[in-house]
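Heads up, start25.cif below (mmCIF, C-alpha atoms and all ligand atoms):
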```cif
data_query
loop_
_atom_site.label_atom_id
_atom_site.label_comp_id
_atom_site.auth_asym_id
_atom_site.auth_seq_id
_atom_site.Cartn_x
_atom_site.Cartn_y
_atom_site.Cartn_z
CA MET L 282 22.12 122.10 74.52
CA THR L 283 22.62 124.12 71.34
CA PRO L 284 26.02 123.58 69.72
CA ALA L 285 28.35 126.59 69.90
CA THR L 286 28.51 128.56 66.67
CA PRO L 287 31.96 128.00 65.12
CA LEU L 288 34.04 131.19 65.04
CA LEU L 289 34.64 132.67 61.61
CA PRO L 290 38.23 133.19 60.49
CA PRO L 291 39.47 136.80 60.87
CA ALA L 292 37.81 139.08 58.33
CA ASP L 293 39.66 140.49 55.35
CA TRP L 294 40.57 144.22 55.39
CA ARG L 295 38.29 144.67 52.40
CA ASP L 296 35.34 143.67 54.58
CA PHE L 297 36.27 146.27 57.18
CA LEU L 298 36.50 148.84 54.39
CA ALA L 299 33.06 147.77 53.10
CA LEU L 300 31.60 148.39 56.57
CA THR L 301 32.48 152.08 56.22
CA LYS L 302 30.33 152.45 53.03
CA PRO L 303 33.26 153.99 51.14
CA ARG L 304 31.30 155.27 48.12
CA VAL L 305 28.79 157.23 50.17
CA LEU L 306 31.67 158.32 52.39
CA SER L 307 33.45 159.93 49.42
CA LEU L 308 30.68 162.55 49.07
CA VAL L 309 30.26 163.00 52.84
CA VAL L 310 34.00 163.67 53.14
CA PHE L 311 34.01 165.93 50.08
CA THR L 312 31.31 168.18 51.58
CA GLY L 313 33.36 168.30 54.80
CA LEU L 314 36.47 169.26 52.85
CA CYS L 315 34.55 171.99 51.01
CA GLY L 316 33.20 173.33 54.32
CA MET L 317 36.78 173.57 55.54
CA LEU L 318 38.11 175.17 52.34
CA ALA L 319 35.25 177.69 52.19
CA ALA L 320 36.10 179.00 55.66
CA PRO L 321 37.81 182.40 55.83
CA VAL L 322 40.76 180.97 57.79
CA ALA L 323 43.69 179.13 56.20
CA ILE L 324 44.27 175.95 58.16
CA HIS L 325 47.70 174.29 58.35
CA PRO L 326 47.73 171.46 55.76
CA VAL L 327 48.63 168.81 58.35
CA LEU L 328 45.76 169.90 60.60
CA GLY L 329 43.43 170.14 57.62
CA PHE L 330 44.33 166.61 56.56
CA THR L 331 43.81 165.38 60.12
CA ALA L 332 40.36 167.00 60.26
CA ILE L 333 39.30 165.34 56.99
CA LEU L 334 40.66 162.01 58.21
CA CYS L 335 38.59 162.40 61.39
CA ILE L 336 35.43 163.12 59.38
CA ALA L 337 36.14 160.05 57.21
CA MET L 338 36.78 157.84 60.25
CA GLY L 339 33.70 159.20 62.08
CA ALA L 340 31.43 158.65 59.09
CA GLY L 341 33.01 155.22 58.50
CA ALA L 342 32.35 154.32 62.12
CA ALA L 343 28.73 155.47 61.77
CA GLY L 344 28.31 153.31 58.64
CA THR L 345 29.87 150.35 60.47
CA LEU L 346 27.58 150.65 63.50
CA ASN L 347 24.61 151.01 61.13
CA GLN L 348 25.55 147.70 59.50
CA TRP L 349 26.21 146.06 62.87
CA TYR L 350 22.74 147.02 64.06
CA GLU L 351 20.78 146.16 60.94
CA ALA L 352 22.46 143.02 59.60
CA ASP L 353 19.02 141.33 59.82
CA LEU L 354 17.48 143.93 57.47
CA ASP L 355 20.45 143.93 55.13
CA ALA L 356 20.12 140.14 54.78
CA MET L 357 16.59 140.61 53.41
CA MET L 358 17.45 143.06 50.62
CA LYS L 359 19.12 142.18 47.32
CA ARG L 360 21.13 145.44 47.33
CA THR L 361 22.64 144.78 50.77
CA ALA L 362 22.65 140.99 51.27
CA GLY L 363 26.28 140.73 50.11
CA ARG L 364 27.62 143.01 52.89
CA PRO L 365 30.18 141.39 55.26
CA LEU L 366 27.77 140.68 58.15
CA PRO L 367 24.68 139.34 56.35
CA ALA L 368 26.97 137.36 54.02
CA GLY L 369 28.60 135.75 57.10
CA ARG L 370 32.15 136.87 56.33
CA MET L 371 32.66 138.55 59.69
CA GLU L 372 31.81 138.18 63.39
CA ARG L 373 29.29 140.74 64.69
CA GLN L 374 31.64 141.48 67.60
CA SER L 375 34.45 142.46 65.22
CA ALA L 376 32.20 144.97 63.48
CA LEU L 377 31.03 146.41 66.81
CA HIS L 378 34.57 146.79 68.16
CA PHE L 379 35.78 148.31 64.90
CA GLY L 380 32.88 150.80 64.80
CA VAL L 381 33.11 151.91 68.44
CA GLY L 382 36.92 152.10 68.34
CA LEU L 383 37.08 154.05 65.09
CA GLY L 384 34.30 156.43 66.17
CA ALA L 385 35.85 157.15 69.57
CA PHE L 386 39.30 157.61 68.01
CA SER L 387 37.95 160.05 65.39
CA VAL L 388 36.21 162.25 67.97
CA ILE L 389 39.12 162.24 70.43
CA LEU L 390 41.66 163.02 67.70
CA MET L 391 39.45 165.84 66.37
CA GLY L 392 39.19 167.28 69.89
CA LEU L 393 42.92 167.06 70.57
CA ALA L 394 44.27 168.10 67.16
CA LEU L 395 41.60 170.59 66.06
CA ASN L 396 39.04 171.93 68.51
CA LEU L 397 36.13 171.02 70.73
CA ALA L 398 33.45 172.52 68.45
CA ALA L 399 34.46 170.27 65.53
CA ALA L 400 34.76 167.23 67.83
CA ALA L 401 31.35 167.89 69.37
CA ILE L 402 29.59 168.20 65.98
CA LEU L 403 31.35 165.05 64.76
CA LEU L 404 30.14 163.16 67.83
CA VAL L 405 26.58 164.47 67.34
CA SER L 406 26.56 163.34 63.69
CA ILE L 407 27.74 159.83 64.53
CA LEU L 408 25.17 159.50 67.32
CA PHE L 409 22.48 161.03 65.11
CA TYR L 410 23.04 158.52 62.30
CA VAL L 411 23.36 155.51 64.58
CA LEU L 412 20.82 156.23 67.32
CA ILE L 413 18.25 158.62 65.83
CA TYR L 414 18.21 157.30 62.25
CA THR L 415 19.25 153.63 62.44
CA VAL L 416 17.97 152.52 65.83
CA TRP L 417 14.99 154.80 66.34
CA LEU L 418 13.42 156.09 63.13
CA LYS L 419 14.35 153.83 60.22
CA ARG L 420 11.98 150.98 61.10
CA ARG L 421 9.25 153.21 62.54
CA THR L 422 8.30 156.05 60.23
CA PRO L 423 8.47 157.05 56.56
CA GLN L 424 9.85 160.39 57.79
CA ASN L 425 13.00 158.44 58.84
CA ILE L 426 15.29 160.00 56.27
CA VAL L 427 13.88 163.53 56.59
CA ILE L 428 14.92 163.74 60.24
CA GLY L 429 17.70 161.14 60.26
CA GLY L 430 19.17 162.59 57.09
CA ALA L 431 20.46 165.53 59.14
CA ALA L 432 23.37 163.26 60.13
CA GLY L 433 24.80 163.38 56.63
CA ALA L 434 24.41 167.17 56.48
CA PHE L 435 26.79 167.93 59.34
CA PRO L 436 30.18 167.47 57.59
CA PRO L 437 30.34 170.99 56.02
CA LEU L 438 29.74 172.41 59.51
CA ILE L 439 32.43 170.12 60.94
CA GLY L 440 34.93 171.17 58.25
CA TRP L 441 34.20 174.87 58.82
CA ALA L 442 34.38 174.45 62.60
CA ALA L 443 37.69 172.58 62.30
CA ALA L 444 39.17 175.62 60.54
CA THR L 445 37.55 178.39 62.61
CA GLY L 446 36.43 176.86 65.91
CA GLN L 447 32.93 178.22 65.23
CA VAL L 448 29.86 177.87 63.05
CA ALA L 449 28.55 180.62 60.76
CA LEU L 450 25.73 181.39 58.33
CA LEU L 451 27.41 179.99 55.20
CA PRO L 452 28.09 176.50 56.63
CA LEU L 453 24.58 176.54 58.12
CA LEU L 454 23.22 177.10 54.59
CA MET L 455 25.46 174.26 53.37
CA PHE L 456 23.97 172.10 56.10
CA MET L 457 20.45 173.09 54.99
CA LEU L 458 21.30 172.31 51.36
CA VAL L 459 22.41 168.74 52.15
CA PHE L 460 19.55 168.30 54.64
CA LEU L 461 16.90 169.31 52.06
CA TRP L 462 18.70 167.47 49.24
CA THR L 463 18.53 164.15 51.09
CA PRO L 464 14.79 163.44 50.62
CA PRO L 465 14.80 163.87 46.80
CA HIS L 466 18.14 161.98 46.64
CA PHE L 467 16.85 159.04 48.60
CA TRP L 468 13.20 158.92 47.50
CA ALA L 469 14.22 158.90 43.82
CA LEU L 470 16.15 155.70 44.60
CA ALA L 471 13.41 154.33 46.87
CA LEU L 472 10.95 154.56 43.95
CA PHE L 473 12.96 152.04 41.95
CA VAL L 474 14.02 149.73 44.81
CA LYS L 475 10.60 149.84 46.48
CA THR L 476 10.04 146.09 46.50
CA ASP L 477 13.34 145.53 48.38
CA TYR L 478 12.19 147.80 51.22
CA ALA L 479 8.67 146.33 51.19
CA ASN L 480 10.08 142.78 51.50
CA ALA L 481 12.26 143.83 54.43
CA GLY L 482 9.36 145.64 56.13
CA VAL L 483 11.13 149.03 56.14
CA PRO L 484 8.48 151.78 56.10
CA MET L 485 10.05 153.91 53.35
CA LEU L 486 7.69 156.51 51.88
CA PRO L 487 6.85 154.72 48.60
CA VAL L 488 6.03 151.55 50.54
CA VAL L 489 3.80 153.25 53.12
CA ALA L 490 2.27 156.22 51.30
CA GLY L 491 2.57 155.06 47.70
CA GLU L 492 4.29 156.32 44.59
CA LYS L 493 2.08 159.34 44.01
CA VAL L 494 2.75 160.87 47.42
CA THR L 495 6.48 160.14 47.13
CA ARG L 496 6.67 161.87 43.76
CA ARG L 497 4.88 164.92 45.15
CA GLN L 498 7.21 165.01 48.17
CA ILE L 499 10.26 164.90 45.89
CA GLY L 500 8.89 167.96 44.08
CA LEU L 501 8.03 169.74 47.34
CA TYR L 502 11.44 169.25 49.00
CA THR L 503 13.18 170.49 45.87
CA ILE L 504 11.71 173.98 46.40
CA PRO L 505 13.33 174.83 49.77
CA MET L 506 16.44 172.93 48.66
CA ALA L 507 16.75 175.29 45.70
CA PHE L 508 16.44 178.31 48.00
CA ALA L 509 19.15 176.99 50.32
CA ALA L 510 21.35 176.35 47.28
CA VAL L 511 21.11 179.81 45.69
CA LEU L 512 20.78 181.96 48.84
CA PRO L 513 24.52 182.44 49.53
CA TRP L 514 24.83 184.72 46.45
CA PRO L 515 22.08 187.27 47.27
CA LEU L 516 23.29 187.20 50.88
CA GLU L 517 26.72 188.18 49.52
CA LEU L 518 28.39 185.18 51.15
CA THR L 519 29.65 184.19 47.69
CA GLY L 520 30.16 185.86 44.33
CA ALA L 521 28.80 185.29 40.86
CA ILE L 522 30.84 182.14 40.14
CA TYR L 523 28.91 180.25 42.79
CA GLY L 524 25.72 182.22 42.14
CA LEU L 525 25.50 181.38 38.44
CA SER L 526 26.74 177.81 38.91
CA SER L 527 24.19 177.16 41.63
CA LEU L 528 21.40 178.59 39.46
CA ALA L 529 22.32 176.36 36.51
CA LEU L 530 22.95 173.20 38.56
CA THR L 531 19.85 173.66 40.69
CA GLY L 532 17.72 174.54 37.67
CA TRP L 533 18.64 171.19 36.11
CA PHE L 534 17.93 169.41 39.42
CA ALA L 535 14.51 171.08 39.56
CA LEU L 536 13.70 170.03 35.98
CA LEU L 537 14.56 166.39 36.70
CA ALA L 538 12.60 166.50 39.97
CA LEU L 539 9.62 168.05 38.21
CA LYS L 540 9.69 165.29 35.63
CA VAL L 541 9.68 162.66 38.39
CA ALA L 542 6.97 164.51 40.32
CA ALA L 543 4.68 164.76 37.29
CA ARG L 544 4.92 161.13 36.20
CA THR L 545 2.67 158.13 36.71
CA THR L 546 4.07 154.71 35.90
CA GLY L 547 2.85 151.30 34.85
CA ALA L 548 4.01 147.89 36.07
CA ASP L 549 6.84 147.41 33.55
CA ASP L 550 8.13 150.99 33.65
CA ALA L 551 11.94 151.20 33.56
CA MET L 552 11.96 154.20 35.96
CA LEU L 553 14.52 156.02 33.84
CA PRO L 554 13.70 159.57 35.07
CA GLU L 555 13.92 158.38 38.70
CA LYS L 556 17.29 156.76 38.02
CA ALA L 557 18.45 159.93 36.27
CA LEU L 558 17.43 162.11 39.23
CA PHE L 559 19.18 159.81 41.71
CA LYS L 560 22.42 159.77 39.69
CA TYR L 561 22.29 163.52 39.06
CA SER L 562 21.65 164.21 42.77
CA ILE L 563 25.12 162.84 43.54
CA LEU L 564 26.89 164.72 40.76
CA TYR L 565 24.96 167.87 41.76
CA LEU L 566 26.27 167.91 45.32
CA PHE L 567 29.87 167.26 44.24
CA VAL L 568 29.81 170.06 41.66
CA ILE L 569 27.90 172.69 43.65
CA PHE L 570 30.23 172.28 46.63
CA ALA L 571 33.25 172.46 44.34
CA ALA L 572 31.83 175.67 42.80
CA LEU L 573 31.47 177.16 46.27
CA VAL L 574 35.14 176.56 47.04
CA VAL L 575 36.31 177.90 43.66
CA ASP L 576 34.19 181.01 44.20
CA ARG L 577 35.51 181.66 47.72
CA TRP L 578 39.11 181.15 46.59
CA MET L 579 38.77 183.47 43.59
CA ALA L 580 37.29 186.27 45.70
C1 LIG N 1 19.33 159.25 55.47
C2 LIG N 1 19.88 159.75 54.38
C3 LIG N 1 20.31 158.93 53.19
C4 LIG N 1 19.84 157.74 52.75
C5 LIG N 1 18.73 156.88 53.36
C6 LIG N 1 20.63 157.38 51.59
C7 LIG N 1 20.48 156.19 50.90
C8 LIG N 1 21.27 155.82 49.86
C9 LIG N 1 21.19 154.53 49.25
C10 LIG N 1 20.25 153.41 49.69
C11 LIG N 1 22.10 154.50 48.26
C12 LIG N 1 22.29 153.34 47.30
C13 LIG N 1 23.55 152.76 47.09
C14 LIG N 1 24.37 152.33 48.26
O1 LIG N 1 23.89 151.62 49.15
O2 LIG N 1 25.58 152.67 48.26
C15 LIG N 1 22.78 155.78 48.26
C16 LIG N 1 23.79 156.12 47.42
C17 LIG N 1 24.59 157.20 47.60
N1 LIG N 1 24.44 158.18 48.54
FE1 LIG N 1 22.90 158.35 49.82
N2 LIG N 1 21.55 158.34 51.34
C18 LIG N 1 21.40 159.30 52.30
C19 LIG N 1 22.16 160.42 52.45
C20 LIG N 1 23.30 160.66 51.76
C21 LIG N 1 24.22 161.74 52.05
C22 LIG N 1 24.02 162.77 53.15
C23 LIG N 1 25.22 161.65 51.15
C24 LIG N 1 26.42 162.52 50.98
C25 LIG N 1 26.49 163.78 51.29
C26 LIG N 1 24.95 160.51 50.29
C27 LIG N 1 25.73 160.11 49.25
C28 LIG N 1 25.50 159.04 48.45
C29 LIG N 1 26.36 158.60 47.37
C30 LIG N 1 27.67 159.27 46.93
C31 LIG N 1 25.79 157.45 46.83
C32 LIG N 1 26.31 156.62 45.65
C33 LIG N 1 27.06 155.45 46.16
C34 LIG N 1 27.44 154.50 45.06
O3 LIG N 1 27.92 154.96 44.02
O4 LIG N 1 27.27 153.31 45.29
N3 LIG N 1 23.77 159.96 50.69
N4 LIG N 1 22.24 156.56 49.24
C1 LIG N 2 30.15 162.77 59.68
C2 LIG N 2 29.25 161.64 59.91
C3 LIG N 2 29.39 160.91 61.18
C4 LIG N 2 28.35 161.28 58.99
C5 LIG N 2 27.61 160.04 59.07
C6 LIG N 2 26.38 160.09 58.30
C7 LIG N 2 26.37 159.31 57.05
C8 LIG N 2 27.33 158.18 56.80
C9 LIG N 2 25.43 159.68 56.19
C10 LIG N 2 25.12 159.03 54.96
C11 LIG N 2 23.72 158.57 55.03
C12 LIG N 2 23.54 157.19 54.52
C13 LIG N 2 24.68 156.39 54.04
C14 LIG N 2 22.38 156.68 54.52
C15 LIG N 2 22.15 155.31 54.06
O1 LIG N 2 20.99 154.92 54.62
P1 LIG N 2 20.81 153.47 55.13
O2 LIG N 2 21.75 153.26 56.27
O3 LIG N 2 19.38 153.26 55.40
O4 LIG N 2 21.28 152.70 53.85
P2 LIG N 2 21.47 151.16 53.59
O5 LIG N 2 20.13 150.62 53.28
O6 LIG N 2 22.40 151.17 52.41
O7 LIG N 2 22.09 150.58 54.83
#
```

Show me, as structure tokens, the structure contained in the file I just sent.
Ligand code: HEM
Ligand SMILES: CC(C)=CCC/C(C)=C/CC/C(C)=C/COP(=O)(O)OP(=O)(O)O
Amino acid sequence: MTPATPLLPPADWRDFLALTKPRVLSLVVFTGLCGMLAAPVAIHPVLGFTAILCIAMGAGAAGTLNQWYEADLDAMMKRTAGRPLPAGRMERQSALHFGVGLGAFSVILMGLALNLAAAAILLVSILFYVLIYTVWLKRRTPQNIVIGGAAGAFPPLIGWAAATGQVALLPLLMFMLVFLWTPPHFWALALFVKTDYANAGVPMLPVVAGEKVTRRQIGLYTIPMAFAAVLPWPLELTGAIYGLSSLALTGWFALLALKVAARTTGADDAMLPEKALFKYSILYLFVIFAALVVDRWMA
């Protein structure tokens, strides 16, 4: 008979917070907030706050269920081995209950306090990240983040839908921007943490197809991403504040991406341009979404 595994003491609140991936969540929630503020309808502040809370809880639940499912993978990578589950600071059951409870609560609250459209898109994004990306694609194909990345692109649509009850062309372009931004964002990072993914057997593009292909793909995805970013101005969905900001911000993104795409590296390369592109990708999304809101509010 195998001895029963001793139960761990109750986890600290900080471990529950870590399950929600709070740093990634900050940008996910910000894009949701901007989607809501860019909508042509003024939402009551209490309802607006509730909607943002629901997006945060839904995304946190998705991050939690992702970590519940892939604790084995996380244990194999330096970057993730210290998370609450692989580090053995929490029972798997606690993470599962927390994730399912928080996710269900976020969708129900969104449906009751806001509207069904916003609740439905929130539910789709949670299921997309957990089932399509984490369970189905991540361990199977190097296209995992291209398709699965759609999950992280939904928040602007959710924010807009929370305010208006509908979707429209502008939030769809915001969705496309985040969707097409995700591959360069992630592959820039994957180039410099390649060995981590290789050790864990995750088929990320640089591991499976090599550096050269990954660099080319970063360059290729940047082209439609740039179109999605600047299109709202010529379509007269925004004014010049957003138009000029998006041109400048996206121009800089394209330059960094081009630099990464054109490079070949040796064994002891410090990967500085790749690190710069990854860091800038995060700043880029924060600032371009902020510019969109400023533009719509000044109009
Ligand atoms: C499938 C798509 C994506 C993948 C695979 C991915 C992967 C990663 C990874 C591995 C990191 C490294 C650091 C960490 O673990 O915190 C990271 C950082 C980050 N990602 Fe992504 N990401 C994706 C999509 C997104 C989306 C949609 C957003 C927000 C809109 C986002 C926002 C961020 C932010 C803000 C950071 C920096 C976190 C920090 O400072 O530690 N990511 N991403
Ligand atoms: C509104 C809503 C429900 C959004 C949820 C989508 C969400 C949290 C998107 C962010 C994507 C993300 C953190 C990918 C990390 O990939 P990974 O899980 O492979 O990273 P890891 O190796 O750090 O675990």

Report task. Kindly indicate which residue among L:Thr445, L:Thr361, L:Thr531, L:Thr301 lies nearest to Ala323 (chain L), using all atoms listed in the file for the distances. Result ->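 Closest candidate: L:Thr445.
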
Query raised in the report: Nearest to Leu558 (chain L): which of L:Gly369, L:Ala469, L:Ala320, L:Leu354 is it, counting all atoms listed in the file?
Result: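 Smallest separation from Leu558 (chain L) among the options: L:Ala469.
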
Requested in this report: Do a neighbour search on Ala332 (chain L) at 9 Å with only C-alpha atoms, toss out local chain neighbours closer than 2 positions, and write the hits as a list in words.
Outcome: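 Near neighbours after the sequence-gap exclusion: Gly313, Leu314, Met317, Val327, Leu328, Gly329, Phe330, Leu334, Cys335, Ile336, Ala337, Ser387, Leu390, Met391, Ala394, Leu395, Ala399, Ile439, Gly440, Ala443 and Ala444 of chain L.
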
Query raised in the report: Any idea what's packed within 12 Å of region 498-505 of chain L, counting all atoms listed in the file, ignoring anything in its chain fewer than 3 positions away? Could you give it as a PyMOL selection string?
Result: chain L and resi 423-424+427+454+457-472+486-487+490-495+508-512+531-544+555+558-559+562

Query raised in the report: Quick one: distance from CA of Met506 (chain L) to CA of Ala572 (chain L) in Å, one decimal?
Result: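 So the two atoms, CA of Met506 (chain L) and CA of Ala572 (chain L), lie 16.7 Å apart.
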
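Restricting the atom set to only C-alpha atoms and all ligand atoms, one finds that the residues within 6 Å of ligand LIG 2 (chain N) amount to Val305, Ile336, Gly339, Ala340, Ala343, Gly344, Leu403, Ser406, Ile407, Tyr410, Ala432, Gly433 and Pro436 of chain L.
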
Query - Distance criterion (only C-alpha atoms and all ligand atoms): nearest to ligand LIG 1 (chain N) out of L:Ala431, L:Leu450, L:Leu404, L:Val416 - result: L:Ala431

Requested in this report: Tell me which of L:His378, L:Arg497, L:Arg373, L:Lys475 sits closest to ligand LIG 1 (chain N), counting all atoms listed in the file.
Outcome: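 That would be L:Lys475, the residue with the smallest distance to ligand LIG 1 (chain N).
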
Query raised in the report: So which one's closest to ligand LIG 1 (chain N), L:Val405, L:Ala398, L:Leu366, L:Ile413? Using only C-alpha atoms and all ligand atoms, please.
Result: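 Of the candidates, the smallest distance to ligand LIG 1 (chain N) is held by L:Ile413.
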
Report task. Go through L:Val310, L:Met371, L:Ile389, L:Val574 one by one, measure the shortest atom-to-atom distance of each to ligand LIG 1 (chain N) using all atoms listed in the file, and give the residue with the smallest value. Result ->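 Ranked by minimum distance to ligand LIG 1 (chain N), first place goes to L:Val310.
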
Query raised in the report: Hey, what's within 9 Å of Tyr523 (chain L) if we count only C-alpha atoms and toss same-chain stuff fewer than 5 positions away? As JSON, numbers by chain, please?
Result: {"L": [511, 513, 514, 528, 569, 570, 572, 573, 574, 575, 576, 577]}

C-alpha atoms of the current selection, written as a CSV table (one decimal), keeping the file's coordinate frame:
```csv
chain,number,residue,atom,x,y,z
L,511,VAL,CA,21.1,179.8,45.7
L,513,PRO,CA,24.5,182.4,49.5
L,514,TRP,CA,24.8,184.7,46.4
L,528,LEU,CA,21.4,178.6,39.5
L,569,ILE,CA,27.9,172.7,43.6
L,570,PHE,CA,30.2,172.3,46.6
L,572,ALA,CA,31.8,175.7,42.8
L,573,LEU,CA,31.5,177.2,46.3
L,574,VAL,CA,35.1,176.6,47.0
L,575,VAL,CA,36.3,177.9,43.7
L,576,ASP,CA,34.2,181.0,44.2
L,577,ARG,CA,35.5,181.7,47.7
```

Query raised in the report: What does the distance between CA of Lys419 (chain L) and CA of Ile333 (chain L) come to in Å, to one decimal place?
Result: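 Going from CA of Lys419 (chain L) over to CA of Ile333 (chain L), I get 27.7 Å.
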
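Atom pair CA of Leu289 (chain L) / CA of Gly380 (chain L): separated by 18.5 Å.
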
Requested in this report: Would you kindly return, as a list in words, each protein, DNA or RNA residue with an atom no farther than 8 Å from any atom of Phe456 (chain L), considering only C-alpha atoms and excluding same-chain residues fewer than 5 positions away?
Outcome: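 Selected residues are Ala434, Phe435, Pro436, Pro437 and Leu438 of chain L.
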